[in-house]
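Just model.cif here, mmCIF, C-alpha atoms:
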```
data_protein
loop_
_atom_site.label_atom_id
_atom_site.label_comp_id
_atom_site.auth_asym_id
_atom_site.auth_seq_id
_atom_site.Cartn_x
_atom_site.Cartn_y
_atom_site.Cartn_z
CA MET M 1 -71.76 -100.86 23.45
CA GLY M 2 -70.09 -98.47 21.10
CA PRO M 3 -66.61 -97.15 20.50
CA ALA M 4 -65.48 -93.62 21.02
CA ARG M 5 -66.33 -92.10 17.69
CA SER M 6 -66.46 -92.57 13.97
CA PRO M 7 -64.41 -90.45 11.58
CA GLY M 8 -67.50 -88.42 10.77
CA SER M 9 -68.13 -87.18 14.30
CA ARG M 10 -67.80 -83.48 15.10
CA ASN M 11 -66.53 -81.44 18.01
CA GLY M 12 -64.85 -84.41 19.61
CA SER M 13 -68.14 -86.08 20.55
CA PRO M 14 -68.99 -89.76 20.06
CA ALA M 15 -70.40 -90.48 16.64
CA GLY M 16 -74.07 -89.67 16.65
CA ALA M 17 -74.17 -89.04 20.39
CA GLY M 18 -75.54 -85.87 21.91
CA TRP M 19 -78.83 -84.11 22.38
CA GLY M 20 -81.57 -82.98 20.09
CA ARG M 21 -85.23 -82.18 19.91
CA GLY M 22 -86.03 -85.63 18.59
CA CYS M 23 -85.53 -87.13 22.05
CA CYS M 24 -88.78 -88.14 23.74
CA ARG M 25 -89.49 -86.17 26.90
CA ALA M 26 -89.24 -87.96 30.22
CA VAL M 27 -92.21 -87.48 32.53
CA GLY M 28 -92.75 -88.21 36.19
CA THR M 29 -93.59 -91.58 37.72
CA HIS M 30 -96.94 -92.79 36.45
CA ARG M 31 -98.07 -96.24 37.57
CA ARG M 32 -101.27 -97.69 36.19
CA ASP M 33 -102.67 -100.30 33.84
CA LEU M 34 -101.33 -99.27 30.45
CA ARG M 35 -104.52 -100.37 28.74
CA GLY M 36 -106.58 -97.90 30.73
CA THR M 37 -107.60 -94.43 29.65
CA ALA M 38 -105.43 -91.54 30.74
CA GLY M 39 -107.21 -88.92 32.80
CA ASP M 40 -107.19 -85.20 32.11
CA ASP M 41 -104.30 -84.70 34.50
CA SER M 42 -102.22 -87.51 33.04
CA PRO M 43 -98.75 -86.76 31.65
CA LEU M 44 -99.69 -89.14 28.82
CA ARG M 45 -101.79 -86.54 27.09
CA ALA M 46 -98.93 -85.94 24.67
CA SER M 47 -99.64 -89.37 23.22
CA ARG M 48 -103.03 -88.18 21.95
CA ARG M 49 -101.73 -85.62 19.46
CA SER M 50 -103.33 -85.48 16.06
CA ARG M 51 -101.57 -86.60 12.91
CA ALA M 52 -101.15 -82.95 12.03
CA ALA M 53 -98.56 -82.38 14.75
CA SER M 54 -95.68 -80.53 13.16
CA ASP M 55 -92.85 -80.97 15.67
CA THR M 56 -92.17 -84.66 15.05
CA THR M 57 -91.40 -86.97 12.15
CA PRO M 58 -94.31 -88.58 10.25
CA MET M 59 -93.56 -91.95 11.84
CA VAL M 60 -93.60 -90.52 15.36
CA ARG M 61 -96.76 -88.53 14.60
CA ARG M 62 -98.48 -91.77 13.61
CA ALA M 63 -97.40 -93.33 16.88
CA LEU M 64 -98.55 -90.38 18.95
CA ALA M 65 -101.88 -90.31 17.14
CA CYS M 66 -102.57 -93.90 18.16
CA PRO M 67 -104.16 -94.16 21.64
CA ARG M 68 -102.38 -97.49 22.07
CA VAL M 69 -98.95 -95.92 22.14
CA GLU M 70 -98.36 -94.61 25.64
CA VAL M 71 -95.48 -92.35 26.65
CA ILE M 72 -94.62 -93.35 30.20
CA MET M 73 -91.15 -92.85 31.57
CA THR M 74 -90.99 -93.75 35.24
CA GLY M 75 -87.88 -92.17 36.61
CA PHE M 76 -84.50 -93.76 36.15
CA ALA M 77 -82.35 -96.25 38.01
CA THR M 78 -78.98 -95.07 39.24
CA ASN M 79 -75.67 -96.76 38.66
CA ASN M 80 -75.15 -97.36 42.37
CA ALA M 81 -76.58 -99.64 45.01
CA ARG M 82 -79.19 -98.37 47.44
CA LEU M 83 -78.03 -95.16 49.08
CA SER M 84 -77.85 -95.04 52.86
CA SER M 85 -79.46 -92.31 54.95
CA GLY M 86 -76.03 -90.81 55.51
CA ASP M 87 -75.37 -90.12 51.84
CA ASP M 88 -75.14 -86.55 50.66
CA PRO M 89 -78.42 -85.51 48.94
CA ALA M 90 -76.37 -83.54 46.42
CA MET M 91 -74.49 -86.72 45.46
CA ARG M 92 -77.77 -88.57 45.11
CA LYS M 93 -79.18 -85.83 42.90
CA SER M 94 -76.03 -85.83 40.78
CA ALA M 95 -76.23 -89.61 40.27
CA ARG M 96 -79.84 -89.34 39.16
CA GLN M 97 -79.05 -86.53 36.76
CA LYS M 98 -76.23 -88.56 35.22
CA SER M 99 -78.52 -91.56 34.89
CA LEU M 100 -81.22 -89.47 33.24
CA HIS M 101 -78.69 -87.93 30.87
CA ARG M 102 -77.38 -91.33 29.78
CA LYS M 103 -80.80 -92.85 29.28
CA ARG M 104 -81.84 -89.89 27.16
CA GLU M 105 -78.63 -90.28 25.19
CA VAL M 106 -79.35 -93.98 24.57
CA ALA M 107 -82.99 -93.27 23.68
CA ARG M 108 -81.93 -90.59 21.21
CA ALA M 109 -79.27 -92.79 19.60
CA PHE M 110 -81.72 -95.62 18.98
CA GLY M 111 -84.45 -93.22 17.94
CA ASN M 112 -82.18 -91.70 15.31
CA ALA M 113 -81.36 -95.20 14.07
CA ALA M 114 -84.95 -96.43 13.83
CA SER M 115 -85.16 -95.97 10.05
CA SER M 116 -81.86 -97.77 9.34
CA TYR M 117 -82.03 -100.40 12.09
CA ASP M 118 -83.63 -103.25 10.15
CA ARG M 119 -81.06 -102.98 7.37
CA TYR M 120 -77.99 -103.18 9.60
CA ALA M 121 -79.12 -105.15 12.67
CA ILE M 122 -78.04 -108.53 11.31
CA LEU M 123 -76.79 -109.86 14.63
CA GLN M 124 -79.83 -108.55 16.49
CA HIS M 125 -82.17 -110.28 14.04
CA ARG M 126 -80.39 -113.62 14.44
CA VAL M 127 -80.27 -113.44 18.23
CA ALA M 128 -83.97 -112.53 18.45
CA HIS M 129 -84.86 -115.61 16.40
CA ASP M 130 -82.61 -117.79 18.55
CA LEU M 131 -84.27 -116.47 21.71
CA ALA M 132 -87.70 -117.09 20.20
CA GLN M 133 -86.76 -120.75 19.71
CA PHE M 134 -85.78 -121.04 23.37
CA ILE M 135 -89.07 -119.44 24.41
CA ALA M 136 -91.24 -121.50 22.07
CA GLY M 137 -89.94 -124.74 23.57
CA LYS M 138 -92.66 -124.33 26.19
CA ARG M 139 -96.13 -122.85 26.00
CA VAL M 140 -96.16 -119.07 26.12
CA ALA M 141 -98.29 -118.04 29.09
CA ALA M 142 -100.36 -114.86 29.07
CA PRO M 143 -99.92 -111.99 29.31
CA TYR M 144 -96.69 -111.04 27.51
CA LEU M 145 -94.37 -108.12 28.24
CA GLU M 146 -91.41 -107.22 26.05
CA ILE M 147 -88.66 -104.89 27.22
CA GLY M 148 -86.68 -103.05 24.54
CA CYS M 149 -88.84 -104.23 21.65
CA GLY M 150 -86.87 -102.25 19.08
CA THR M 151 -88.47 -102.52 15.66
CA GLY M 152 -90.18 -105.80 16.55
CA PHE M 153 -87.74 -108.60 15.67
CA LEU M 154 -88.58 -110.77 18.69
CA GLY M 155 -92.31 -110.11 18.53
CA ALA M 156 -92.38 -111.10 14.86
CA ALA M 157 -90.43 -114.29 15.60
CA LEU M 158 -92.95 -115.17 18.34
CA GLU M 159 -95.97 -114.10 16.32
CA ASP M 160 -97.58 -117.56 16.09
CA HIS M 161 -97.13 -118.13 19.82
CA LEU M 162 -98.68 -114.80 20.82
CA ALA M 163 -102.05 -115.42 19.15
CA GLY M 164 -104.85 -114.58 21.57
CA ILE M 165 -102.42 -113.37 24.25
CA PRO M 166 -102.50 -109.78 25.57
CA CYS M 167 -99.12 -108.26 24.72
CA LEU M 168 -97.34 -105.10 25.77
CA PHE M 169 -94.32 -104.03 23.69
CA THR M 170 -92.11 -101.37 25.27
CA ASP M 171 -88.91 -99.51 24.48
CA LEU M 172 -87.02 -96.49 25.79
CA SER M 173 -87.18 -94.94 22.30
CA LEU M 174 -90.46 -93.66 20.86
CA PRO M 175 -89.41 -94.05 17.20
CA MET M 176 -88.48 -97.68 17.90
CA VAL M 177 -91.88 -98.33 19.49
CA ALA M 178 -93.53 -96.73 16.47
CA ARG M 179 -91.63 -99.05 14.11
CA CYS M 180 -92.57 -102.03 16.24
CA ARG M 181 -96.21 -101.02 16.10
CA GLU M 182 -96.07 -100.72 12.31
CA ARG M 183 -94.61 -104.24 12.08
CA LEU M 184 -96.82 -106.06 14.59
CA GLU M 185 -100.14 -104.27 14.99
CA ALA M 186 -101.86 -106.15 12.16
CA SER M 187 -100.58 -109.61 13.10
CA VAL M 188 -100.54 -109.47 16.92
CA LYS M 189 -104.16 -108.56 17.53
CA ASP M 190 -104.22 -107.92 21.28
CA ALA M 191 -101.14 -105.71 21.41
CA SER M 192 -100.36 -102.44 23.16
CA PHE M 193 -97.24 -100.33 22.71
CA ALA M 194 -95.51 -98.04 25.20
CA VAL M 195 -92.39 -95.98 25.79
CA MET M 196 -90.99 -97.23 29.09
CA ASP M 197 -87.72 -97.61 30.95
CA GLY M 198 -87.33 -101.36 31.42
CA GLU M 199 -85.34 -100.84 34.62
CA MET M 200 -88.16 -98.95 36.32
CA LEU M 201 -91.39 -100.71 35.44
CA ALA M 202 -94.64 -98.76 35.37
CA VAL M 203 -96.92 -101.79 35.25
CA ALA M 204 -99.11 -103.24 37.98
CA GLU M 205 -99.98 -106.41 36.08
CA ARG M 206 -98.17 -109.73 36.43
CA TYR M 207 -96.97 -111.51 33.32
CA GLY M 208 -96.64 -115.07 32.14
CA LEU M 209 -93.64 -114.15 30.01
CA VAL M 210 -91.28 -111.18 30.13
CA ALA M 211 -88.76 -111.13 27.27
CA ALA M 212 -85.95 -108.91 26.05
CA SER M 213 -83.37 -109.39 23.31
CA LEU M 214 -79.98 -107.64 23.51
CA VAL M 215 -81.28 -105.00 25.89
CA PHE M 216 -79.96 -105.75 29.37
CA GLN M 217 -76.41 -104.62 28.56
CA TRP M 218 -77.80 -101.07 28.57
CA PHE M 219 -79.13 -101.38 32.13
CA GLU M 220 -77.29 -99.45 34.81
CA ASN M 221 -78.10 -101.83 37.67
CA LEU M 222 -78.60 -105.26 36.11
CA PRO M 223 -79.13 -107.33 39.30
CA ALA M 224 -81.79 -104.92 40.58
CA ALA M 225 -83.53 -104.89 37.20
CA ILE M 226 -83.64 -108.69 37.07
CA VAL M 227 -85.21 -108.78 40.55
CA ARG M 228 -87.88 -106.25 39.49
CA LEU M 229 -88.70 -108.14 36.31
CA ALA M 230 -88.86 -111.48 38.12
CA ASP M 231 -91.19 -109.93 40.70
CA CYS M 232 -93.75 -109.12 38.00
CA LEU M 233 -94.05 -112.76 36.88
CA VAL M 234 -97.03 -114.94 37.69
CA SER M 235 -96.38 -118.29 39.35
CA GLY M 236 -94.62 -120.41 36.76
CA GLY M 237 -93.95 -117.35 34.60
CA ARG M 238 -90.69 -116.91 32.73
CA LEU M 239 -88.15 -114.15 32.23
CA ALA M 240 -86.28 -114.83 28.97
CA PHE M 241 -83.58 -112.59 27.58
CA THR M 242 -80.30 -112.22 25.73
CA MET M 243 -77.54 -109.75 26.43
CA LEU M 244 -73.90 -109.13 25.57
CA GLY M 245 -71.30 -110.92 27.67
CA GLU M 246 -67.81 -109.91 28.75
CA GLY M 247 -66.10 -111.40 25.68
CA SER M 248 -67.93 -109.13 23.23
CA LEU M 249 -65.94 -106.98 20.80
CA GLN M 250 -62.60 -108.09 22.20
CA GLU M 251 -60.94 -107.50 18.83
CA TRP M 252 -61.87 -103.84 18.96
CA ARG M 253 -60.81 -103.54 22.60
CA VAL M 254 -57.40 -105.06 21.84
CA ALA M 255 -56.83 -102.87 18.78
CA CYS M 256 -57.64 -99.76 20.80
CA ASP M 257 -55.48 -100.82 23.76
CA ASP M 258 -52.52 -101.50 21.46
CA HIS M 259 -52.69 -97.92 20.21
CA GLY M 260 -53.40 -96.20 23.51
CA VAL M 261 -56.98 -95.40 22.54
CA GLU M 262 -59.99 -95.93 24.79
CA SER M 263 -62.45 -98.29 23.13
CA GLY M 264 -65.51 -96.80 24.84
CA ILE M 265 -67.04 -100.27 25.21
CA PRO M 266 -68.85 -100.78 28.52
CA SER M 267 -68.14 -103.70 30.81
CA PHE M 268 -70.38 -106.72 30.28
CA PRO M 269 -70.99 -109.58 32.74
CA THR M 270 -69.63 -113.10 32.57
CA ALA M 271 -72.02 -116.04 32.45
CA ARG M 272 -71.12 -116.79 36.06
CA GLU M 273 -71.92 -113.26 37.17
CA LEU M 274 -75.29 -113.46 35.44
CA GLU M 275 -76.08 -116.76 37.17
CA GLN M 276 -75.33 -115.12 40.51
CA ALA M 277 -77.90 -112.42 39.74
CA TRP M 278 -80.86 -114.82 39.77
CA PRO M 279 -83.26 -113.88 42.58
CA GLY M 280 -84.84 -116.26 45.03
CA GLY M 281 -88.21 -117.83 44.38
CA GLY M 282 -87.32 -119.55 41.15
CA GLU M 283 -84.69 -121.22 39.02
CA GLY M 284 -82.58 -119.87 36.19
CA TRP M 285 -79.99 -121.00 33.70
CA VAL M 286 -77.56 -119.30 31.37
CA GLU M 287 -76.12 -120.39 28.03
CA GLU M 288 -73.46 -118.55 26.07
CA VAL M 289 -72.67 -118.36 22.38
CA ARG M 290 -69.92 -116.53 20.50
CA ILE M 291 -70.98 -115.13 17.15
CA PRO M 292 -68.42 -113.66 14.71
CA ARG M 293 -69.40 -110.68 12.60
CA CYS M 294 -67.26 -109.74 9.60
CA HIS M 295 -66.95 -106.24 8.19
CA VAL M 296 -65.16 -104.97 5.11
CA SER M 297 -63.30 -102.51 7.32
CA ALA M 298 -63.05 -101.15 10.85
CA ILE M 299 -64.74 -98.00 9.62
CA GLU M 300 -67.67 -100.07 8.40
CA PHE M 301 -67.86 -101.69 11.84
CA LEU M 302 -68.23 -98.27 13.47
CA HIS M 303 -70.77 -97.17 10.89
CA GLU M 304 -72.86 -100.27 11.57
CA LEU M 305 -72.90 -99.54 15.29
CA LYS M 306 -74.15 -96.03 14.58
CA ALA M 307 -76.74 -97.27 12.08
CA ILE M 308 -78.35 -99.43 14.78
CA GLY M 309 -77.97 -96.88 17.59
CA ALA M 310 -75.46 -98.97 19.57
CA HIS M 311 -72.62 -96.46 19.52
CA VAL M 312 -73.20 -94.77 22.88
CA PRO M 313 -69.95 -95.27 24.83
CA ASP M 314 -69.37 -96.24 28.43
CA PRO M 315 -70.42 -93.42 30.81
CA ALA M 316 -66.84 -93.04 32.05
CA HIS M 317 -65.41 -92.85 28.55
CA VAL M 318 -63.17 -89.89 27.74
CA PRO M 319 -63.54 -88.85 24.06
CA GLN M 320 -60.42 -89.37 22.00
CA ALA M 321 -58.76 -86.90 19.67
CA PRO M 322 -60.23 -87.38 16.17
CA GLY M 323 -56.78 -87.65 14.60
CA LYS M 324 -55.80 -90.46 16.95
CA MET M 325 -58.91 -92.46 16.12
CA ARG M 326 -58.49 -91.93 12.37
CA ALA M 327 -54.90 -93.16 12.58
CA LEU M 328 -56.07 -96.28 14.40
CA LEU M 329 -58.71 -97.02 11.78
CA ARG M 330 -56.26 -96.52 8.92
CA GLU M 331 -53.77 -98.92 10.51
CA ILE M 332 -56.40 -101.60 11.18
CA ASP M 333 -57.73 -101.41 7.65
CA SER M 334 -54.28 -101.34 6.03
CA LYS M 335 -53.38 -104.55 7.87
CA ASN M 336 -56.57 -106.11 6.51
CA GLY M 337 -55.87 -105.05 2.94
CA ASN M 338 -58.51 -102.32 3.04
CA GLY M 339 -61.21 -104.88 2.36
CA GLU M 340 -59.63 -106.18 -0.85
CA ASN M 341 -59.49 -109.85 -1.82
CA GLY M 342 -62.02 -110.82 0.83
CA ALA M 343 -60.02 -109.39 3.72
CA SER M 344 -62.11 -108.04 6.57
CA PHE M 345 -62.24 -106.75 10.13
CA SER M 346 -64.02 -109.29 12.32
CA VAL M 347 -65.44 -108.84 15.80
CA THR M 348 -66.97 -111.42 18.09
CA TYR M 349 -70.20 -110.99 20.02
CA HIS M 350 -70.38 -113.00 23.23
CA VAL M 351 -74.12 -113.50 23.71
CA LEU M 352 -75.63 -114.70 26.99
CA TYR M 353 -79.04 -116.40 26.94
CA GLY M 354 -80.86 -116.31 30.27
CA ILE M 355 -84.10 -118.00 31.32
CA PHE M 356 -85.57 -117.61 34.81
CA THR M 357 -88.74 -119.46 35.85
CA ARG M 358 -90.67 -118.38 38.90
CA ASN M 359 -91.73 -121.10 41.31
CA GLY M 360 -95.33 -122.10 41.76
CA GLY M 361 -96.66 -123.51 38.52
CA ALA M 362 -96.04 -125.05 35.13
CA SER M 363 -94.22 -122.80 32.68
#
```
When written as structure tokens, how does the structure in this file appear?
Amino acid sequence: MGPARSPGSRNGSPAGAGWGRGCCRAVGTHRRDLRGTAGDDSPLRASRRSRAASDTTPMVRRALACPRVEVIMTGFATNNARLSSGDDPAMRKSARQKSLHRKREVARAFGNAASSYDRYAILQHRVAHDLAQFIAGKRVAAPYLEIGCGTGFLGAALEDHLAGIPCLFTDLSLPMVARCRERLEASVKDASFAVMDGEMLAVAERYGLVAASLVFQWFENLPAAIVRLADCLVSGGRLAFTMLGEGSLQEWRVACDDHGVESGIPSFPTARELEQAWPGGGEGWVEEVRIPRCHVSAIEFLHELKAIGAHVPDPAHVPQAPGKMRALLREIDSKNGNGENGASFSVTYHVLYGIFTRNGGAS
């Protein structure tokens, strides 16, 4: 969702993007009940490290020391539709490598932002509470699966409705899962926590409720992901989520276009396109809301994106020259009075709320 770079980025790379040792390691496909015990040959053995592990942060060491934090990456979806038998294997391999690279980049960005996320994720906190109100309008059926749990905003908002319900909180980023565990473990008694790619589920169980807040815009093949998530619902189960819509951050897009700078913002779906993604075997609806977010300056806007990990640009984005981006930021902020006398740089988030109910029972 992020722009090309902030003024503090180096070597022409997006602000905060790149690779580092803090990125959790992807392992091979591993399908099983997450509440089971990993065998000796399981790739999950890394999740049993002692608190004395020295190659991770204290927060991540606590997560890895807990047997209820599983590390299970299941392979990664590609950006394309199903490949035909005539496709070049080299092209297929290249697409998978690009997908893996991007997902690691996203996981690393959010992992690096785990400690600052709660302070800056104002919009995310509001949207999670709004989604919780939609969900709580009907009884929450067991069990519960959350995709992209982050630091636990949605789980905390649903806390009273999850009492006595088996819950599985998952995220692509290990540090985010660790933060979520710290927030919810004491209050949500029957909870498990796992690192998992929400596009490629590694669960055999069916769920009464699958929820995700501001996550689906990161998916590479949204229609296919929705089908997979709907398939893991029990009869009458619900898939409830929010995501960014096509009108998001238009102010930043326009400012960049006017100055010949690529915004780096990915394409988001319209409400109509999301409605067309509903699978058979149930009914869904979509609502949309536009939420303004004011910043003292355009630079502050970019810094906020980085502070929540949402600065990874579109995969096709070509990094801009640092001088060109700095000139753009200076011009935007000078027009807004550099934040003086209440002036600000505002952006709008177009948020789509989607609820899908599987046929066959009361929800």
Please list as a VMD selection string every residue within 12 Å of Ala128 of chain M, counting only C-alpha atoms and excluding residues in the same chain fewer than 4 positions away. chain M and resid 121 to 124 132 to 135 146 148 to 158 211 to 215 240 to 243 351 353
Might you spell out which residues the PyMOL selection byres ((chain M and resi 176) around 12) would select in the displayed file, as a compact mmCIF listing (two decimals) with C-alpha atoms, in the coordinates of the input?
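What ended up in out.txt:
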```txt
# COMPACT_ATOMS: atom_id res chain seq x y z
CA CYS M 23 -85.53 -87.13 22.05
CA CYS M 24 -88.78 -88.14 23.74
CA MET M 59 -93.56 -91.95 11.84
CA VAL M 60 -93.60 -90.52 15.36
CA ALA M 63 -97.40 -93.33 16.88
CA VAL M 69 -98.95 -95.92 22.14
CA VAL M 106 -79.35 -93.98 24.57
CA ALA M 107 -82.99 -93.27 23.68
CA ARG M 108 -81.93 -90.59 21.21
CA ALA M 109 -79.27 -92.79 19.60
CA PHE M 110 -81.72 -95.62 18.98
CA GLY M 111 -84.45 -93.22 17.94
CA ASN M 112 -82.18 -91.70 15.31
CA ALA M 113 -81.36 -95.20 14.07
CA ALA M 114 -84.95 -96.43 13.83
CA SER M 115 -85.16 -95.97 10.05
CA SER M 116 -81.86 -97.77 9.34
CA TYR M 117 -82.03 -100.40 12.09
CA ASP M 118 -83.63 -103.25 10.15
CA ILE M 147 -88.66 -104.89 27.22
CA GLY M 148 -86.68 -103.05 24.54
CA CYS M 149 -88.84 -104.23 21.65
CA GLY M 150 -86.87 -102.25 19.08
CA THR M 151 -88.47 -102.52 15.66
CA GLY M 152 -90.18 -105.80 16.55
CA PHE M 153 -87.74 -108.60 15.67
CA PHE M 169 -94.32 -104.03 23.69
CA THR M 170 -92.11 -101.37 25.27
CA ASP M 171 -88.91 -99.51 24.48
CA LEU M 172 -87.02 -96.49 25.79
CA SER M 173 -87.18 -94.94 22.30
CA LEU M 174 -90.46 -93.66 20.86
CA PRO M 175 -89.41 -94.05 17.20
CA VAL M 177 -91.88 -98.33 19.49
CA ALA M 178 -93.53 -96.73 16.47
CA ARG M 179 -91.63 -99.05 14.11
CA CYS M 180 -92.57 -102.03 16.24
CA ARG M 181 -96.21 -101.02 16.10
CA GLU M 182 -96.07 -100.72 12.31
CA ARG M 183 -94.61 -104.24 12.08
CA PHE M 193 -97.24 -100.33 22.71
CA ALA M 194 -95.51 -98.04 25.20
CA VAL M 195 -92.39 -95.98 25.79
CA MET M 196 -90.99 -97.23 29.09
CA ILE M 308 -78.35 -99.43 14.78
CA GLY M 309 -77.97 -96.88 17.59
```
Check what the PyMOL selection byres ((chain M and resi 256-261) around 10) selects in the file above and give those residues as a PyMOL selection string. chain M and resi 3-4+250-255+262-264+318-321+324-325+327-329+331-332
Nearest to Ile355 of chain M, chosen from M:Ala307, M:Ile265, M:Leu244, M:Val286, with all atoms listed in the file counted in the distances: M:Val286
Would you please work out which residue, of M:Arg228, M:Val127, M:Gly237, M:Ala298, is nearest to Ala202 of chain M when using only C-alpha atoms?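 Of M:Arg228, M:Val127, M:Gly237, M:Ala298, the one nearest Ala202 of chain M, counting only C-alpha atoms, is M:Arg228.
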Mind giving me the straight-line distance from atom CA of Arg139 of chain M to atom CA of Leu233 of chain M in Å, one decimal?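 Value for the atom CA of Arg139 of chain M-atom CA of Leu233 of chain M distance: 15.0 Å.
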Atom-to-atom span, atom CA of Arg330 of chain M and atom CA of Gly245 of chain M, Å: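 Distance reported for this atom pair: 28.0 Å.
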M:Glu273, M:Glu300, M:Glu246, M:Asp231 ranked by distance to Leu201 of chain M, top pick (using all atoms listed in the file):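 Between M:Glu273, M:Glu300, M:Glu246, M:Asp231, the residue approaching Leu201 of chain M most closely is M:Asp231.
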Evaluate the PyMOL selection byres ((chain M and resi 209) around 8) and record the selected residues as an MDAnalysis selection string, following the chain and residue labels used in the document. chainID M and resid 140:145 207:208 210:211 233 237:240
Out of M:His303, M:Arg293, M:His311, M:Arg358, which residue has the shortest atom-to-atom distance to Pro266 of chain M when counting all atoms listed in the file?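 Nearest candidate to Pro266 of chain M out of M:His303, M:Arg293, M:His311, M:Arg358: M:His311.
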Nearest to Arg290 of chain M by atom-to-atom distance, counting only C-alpha atoms, from M:Ser346, M:Ser248, M:Gln276, M:Ser99: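 Checking each candidate against Arg290 of chain M, we get M:Ser248 as the closest.
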For atom CA of Ser334 of chain M and atom CA of Ile299 of chain M, quote the distance in Å rounded to one decimal. 11.6 Å
Which residues are close to segment 282-285 of chain M, i.e. within 8 Å by only C-alpha atoms, leaving aside same-chain residues fewer than 6 positions away? Reply as a ChimeraX atom specification. /M:275,354-359
